[in-house]
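Engineer: For reference, the structure I am asking about is given below.
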Amino acid sequence: TAHRTTRIAANVIYNEFIADRNHVHMNSTKWTTLTEFVVHLGRTGKCKVEETPKGWFLRLVAKDEDEQLRDKLKGKRKRAEEAEEVRHARFLRQQVERARAAATTGDGNTGVNGFSVVEEASELKRDGTEAPLGFELSKKKPPATLSGSAGRGDLGRDRAGSAANAFGVEAFSVAAEGSAKGGEGRGAARKKKSALEEIMQEQEALKKRKEKVQQEQQQPPPGGGGKGCWLFEGIVVKVVSKELKGAGFYKEKAAVRRVIDQGGRFLGELEHLKSGAILRVDQAQLETVIPKPGGKVLVLLGEHAGAQATLVGVDTKKFKAQVELAGNNGDEARLWMEYDDISKCAV
């Protein structure tokens, strides 16, 4: 941890480490050479590793406060989602237990916790000893004239009396009793429908919360083309791929025309500044370019990612550059940034 923000040679760090007489020797680990250990640090994302003619160079990757806060919120959301699923499963089990208890109860129309039990319908049978049904048709009365609330009340009583005279008082009371039972049955059906709707609404709310969490997780952090990408269109980069040495592009500068995402692997479509040739190179085989003081640069990482700035000066010992950012109110701010956080603008 002596070199948190500086870019330093791997051999220098190794010599400082073995200077301690109680150090862990390389032979007691699973890495046989220092190069393999350095490559492992680069693959796991713990350090930024670079191979140069002078040897391997690396720099410690420290998570910023924003990234730590995002990881903390992600874990909190995951725990809340799991707790919500447990509560929902317990609610469904309670509903099933209540329904089973209501179905097995034998106390009439009402079961456990207010759940209604509908009686099974039976066929209407009539004994042969009973007298046949008779109907007494009354003389049709002239229509009554309605006048206010009193008229409506009289009309209702007349209609009720006609029904009683036509079918008998007993038939009228049976019909009223049947309608009352029908109303109770419909009320029970409405109660069951409300419980079902409540379960459906709970499932719909849980589904929406899951979709919201997934959308928040899929949102890329501030930076280039996405998470893990620092390339931007319109910047100048240097090709450090030794595979392109035979084609004459090694250590050459090119302008980024387009950023291509291939499932988490980001490629830059480049235009060679000298020949105008078009080539595609992985961003791991590219380096940023620092212009002369006064030149225009583009911020690649951090809260000011995507903003243009003017290079003021460089600190070759700390591998940092001072840039000047223009604010919205016309004020200017000067900040120190790493070499890898900025690059020269193509235009």
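Ordering of the structure tokens sets the chain letters (A, B, ...), residue numbers begin anew at 1 in every chain, and ligands are numbered from 1 in the order given.
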Can you tell me, as a list in words, what residues are no more than 10 Å from Gly42 in chain A when counting only C-alpha atoms, ignoring any on the same chain fewer than 6 positions away?

Structural biologist: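 In the requested format, the answer is Glu36, Lys48, Val49, Glu50, Leu58, Arg59, Leu60 and Val61 of chain A.
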
Engineer: Which residues are near range 231-234 of chain A? Cut-off 6 Å, only C-alpha atoms, ignore same chain within fewer than 2 positions. Put them as an mmCIF file with N, CA, C and O atoms, in the first residue's frame.

Structural biologist:
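Heads up, here's the output in result.cif:
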```
data_model
loop_
_atom_site.group_PDB
_atom_site.id
_atom_site.type_symbol
_atom_site.label_atom_id
_atom_site.label_comp_id
_atom_site.auth_asym_id
_atom_site.auth_seq_id
_atom_site.Cartn_x
_atom_site.Cartn_y
_atom_site.Cartn_z
ATOM 1 N N GLY A 224 -17.342 5.570 -20.056
ATOM 2 C CA GLY A 224 -17.374 5.546 -21.505
ATOM 3 C C GLY A 224 -18.592 4.869 -22.052
ATOM 4 O O GLY A 224 -19.718 5.199 -21.747
ATOM 5 N N CYS A 229 -15.787 0.290 -19.626
ATOM 6 C CA CYS A 229 -15.338 0.884 -20.900
ATOM 7 C C CYS A 229 -14.924 2.327 -20.671
ATOM 8 O O CYS A 229 -15.650 3.102 -20.048
ATOM 9 N N VAL A 256 -10.472 7.517 -32.544
ATOM 10 C CA VAL A 256 -11.576 6.587 -32.307
ATOM 11 C C VAL A 256 -12.808 7.093 -33.053
ATOM 12 O O VAL A 256 -13.316 8.180 -32.781
ATOM 13 N N ARG A 257 -13.283 6.298 -34.004
ATOM 14 C CA ARG A 257 -14.480 6.653 -34.766
ATOM 15 C C ARG A 257 -15.750 6.070 -34.155
ATOM 16 O O ARG A 257 -16.815 6.671 -34.216
ATOM 17 N N ARG A 258 -15.638 4.886 -33.539
ATOM 18 C CA ARG A 258 -16.823 4.219 -32.989
ATOM 19 C C ARG A 258 -16.387 3.245 -31.901
ATOM 20 O O ARG A 258 -15.293 2.689 -31.966
ATOM 21 N N ALA A 346 -9.567 14.457 -30.907
ATOM 22 C CA ALA A 346 -9.133 14.291 -32.293
ATOM 23 C C ALA A 346 -9.281 15.583 -33.087
ATOM 24 O O ALA A 346 -8.558 15.828 -34.033
#
```

Engineer: Taking 3 positions as the minimum chain separation for residues in the same chain, which residues sit within 12 Å of Glu84 in chain A when counting only C-alpha atoms? Answer as a PyMOL selection string.

Structural biologist: chain A and resi 77-81+87-91+202-203+205-207+209-210

Engineer: Just give me the gap between CA of Trp230 in chain A and CA of Leu301 in chain A in Å, one decimal is fine.

Structural biologist: 6.7 Å

Engineer: For each of A:Gln95, A:Lys318, A:Lys76, A:His23, take the minimum atom-to-atom distance to Leu196 in chain A, counting only C-alpha atoms, then give the residue where this is smallest.

Structural biologist: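 Ranking A:Gln95, A:Lys318, A:Lys76, A:His23 by distance to Leu196 in chain A, first place goes to A:Gln95.
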
Engineer: From a DSSP calculation on the backbone, collect every residue of range 204-335 of chain A in strand (DSSP E) and output the set as a PyMOL selection string.

Structural biologist: chain A and resi 236-239+253-262+265-272+278-282+286-288+296-299+308-315+320-326+332-335

Engineer: Could those selected residues go to a file with C-alpha atoms, as an mmCIF file, in the first residue's frame?

Structural biologist:
```cif
data_model
loop_
_atom_site.group_PDB
_atom_site.id
_atom_site.type_symbol
_atom_site.label_atom_id
_atom_site.label_comp_id
_atom_site.auth_asym_id
_atom_site.auth_seq_id
_atom_site.Cartn_x
_atom_site.Cartn_y
_atom_site.Cartn_z
ATOM 1 C CA VAL A 236 -6.847 10.061 -29.947
ATOM 2 C CA VAL A 237 -5.301 6.821 -28.626
ATOM 3 C CA LYS A 238 -2.007 4.960 -29.060
ATOM 4 C CA VAL A 239 -1.915 1.336 -30.284
ATOM 5 C CA LYS A 253 -1.692 7.089 -32.964
ATOM 6 C CA ALA A 254 -5.248 6.789 -34.239
ATOM 7 C CA ALA A 255 -8.621 8.496 -33.768
ATOM 8 C CA VAL A 256 -11.576 6.587 -32.307
ATOM 9 C CA ARG A 257 -14.480 6.653 -34.766
ATOM 10 C CA ARG A 258 -16.823 4.219 -32.989
ATOM 11 C CA VAL A 259 -17.007 2.120 -29.793
ATOM 12 C CA ILE A 260 -18.245 -1.473 -30.249
ATOM 13 C CA ASP A 261 -19.633 -3.553 -27.360
ATOM 14 C CA GLN A 262 -19.207 -7.316 -27.860
ATOM 15 C CA ARG A 265 -15.594 -6.753 -24.499
ATOM 16 C CA PHE A 266 -15.148 -3.275 -25.947
ATOM 17 C CA LEU A 267 -13.438 -2.610 -29.273
ATOM 18 C CA GLY A 268 -12.467 0.692 -30.802
ATOM 19 C CA GLU A 269 -12.920 1.320 -34.519
ATOM 20 C CA LEU A 270 -9.842 3.433 -35.240
ATOM 21 C CA GLU A 271 -8.632 5.605 -38.103
ATOM 22 C CA HIS A 272 -4.841 5.750 -38.457
ATOM 23 C CA ILE A 278 -9.401 1.629 -40.524
ATOM 24 C CA LEU A 279 -8.757 -1.060 -37.898
ATOM 25 C CA ARG A 280 -10.469 -2.510 -34.832
ATOM 26 C CA VAL A 281 -8.477 -2.965 -31.635
ATOM 27 C CA ASP A 282 -9.487 -4.079 -28.135
ATOM 28 C CA LEU A 286 -4.815 0.965 -26.391
ATOM 29 C CA GLU A 287 -3.386 3.840 -24.360
ATOM 30 C CA THR A 288 -4.458 7.415 -23.820
ATOM 31 C CA LYS A 296 -7.976 20.038 -25.752
ATOM 32 C CA VAL A 297 -8.641 16.796 -23.873
ATOM 33 C CA LEU A 298 -11.724 14.723 -23.039
ATOM 34 C CA VAL A 299 -12.393 13.416 -19.538
ATOM 35 C CA GLN A 308 -13.995 18.666 -22.628
ATOM 36 C CA ALA A 309 -11.162 20.449 -20.851
ATOM 37 C CA THR A 310 -7.910 22.284 -21.546
ATOM 38 C CA LEU A 311 -4.596 20.794 -20.468
ATOM 39 C CA VAL A 312 -2.722 23.185 -18.164
ATOM 40 C CA GLY A 313 0.321 21.121 -17.238
ATOM 41 C CA VAL A 314 1.649 17.679 -16.257
ATOM 42 C CA ASP A 315 3.480 16.203 -13.283
ATOM 43 C CA LYS A 320 -0.858 13.272 -13.325
ATOM 44 C CA ALA A 321 -2.136 16.119 -15.483
ATOM 45 C CA GLN A 322 -3.821 19.379 -14.503
ATOM 46 C CA VAL A 323 -6.859 20.280 -16.609
ATOM 47 C CA GLU A 324 -9.173 23.271 -16.675
ATOM 48 C CA LEU A 325 -12.908 22.627 -16.869
ATOM 49 C CA ALA A 326 -15.416 25.270 -17.956
ATOM 50 C CA GLU A 332 -13.472 27.612 -14.536
ATOM 51 C CA ALA A 333 -12.115 24.878 -12.274
ATOM 52 C CA ARG A 334 -8.685 23.251 -12.325
ATOM 53 C CA LEU A 335 -8.340 19.609 -11.337
#
```

Engineer: By how many Å are CA of Asp20 in chain A and CA of Thr35 in chain A apart?

Structural biologist: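 Separation between CA of Asp20 in chain A and CA of Thr35 in chain A: 20.6 Å.
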
Engineer: Would you mind reading off the distance between CA of Ile290 in chain A and CA of Ile235 in chain A, one decimal, in Å?

Structural biologist: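 Computing the Euclidean distance for CA of Ile290 in chain A and CA of Ile235 in chain A yields 10.6 Å.
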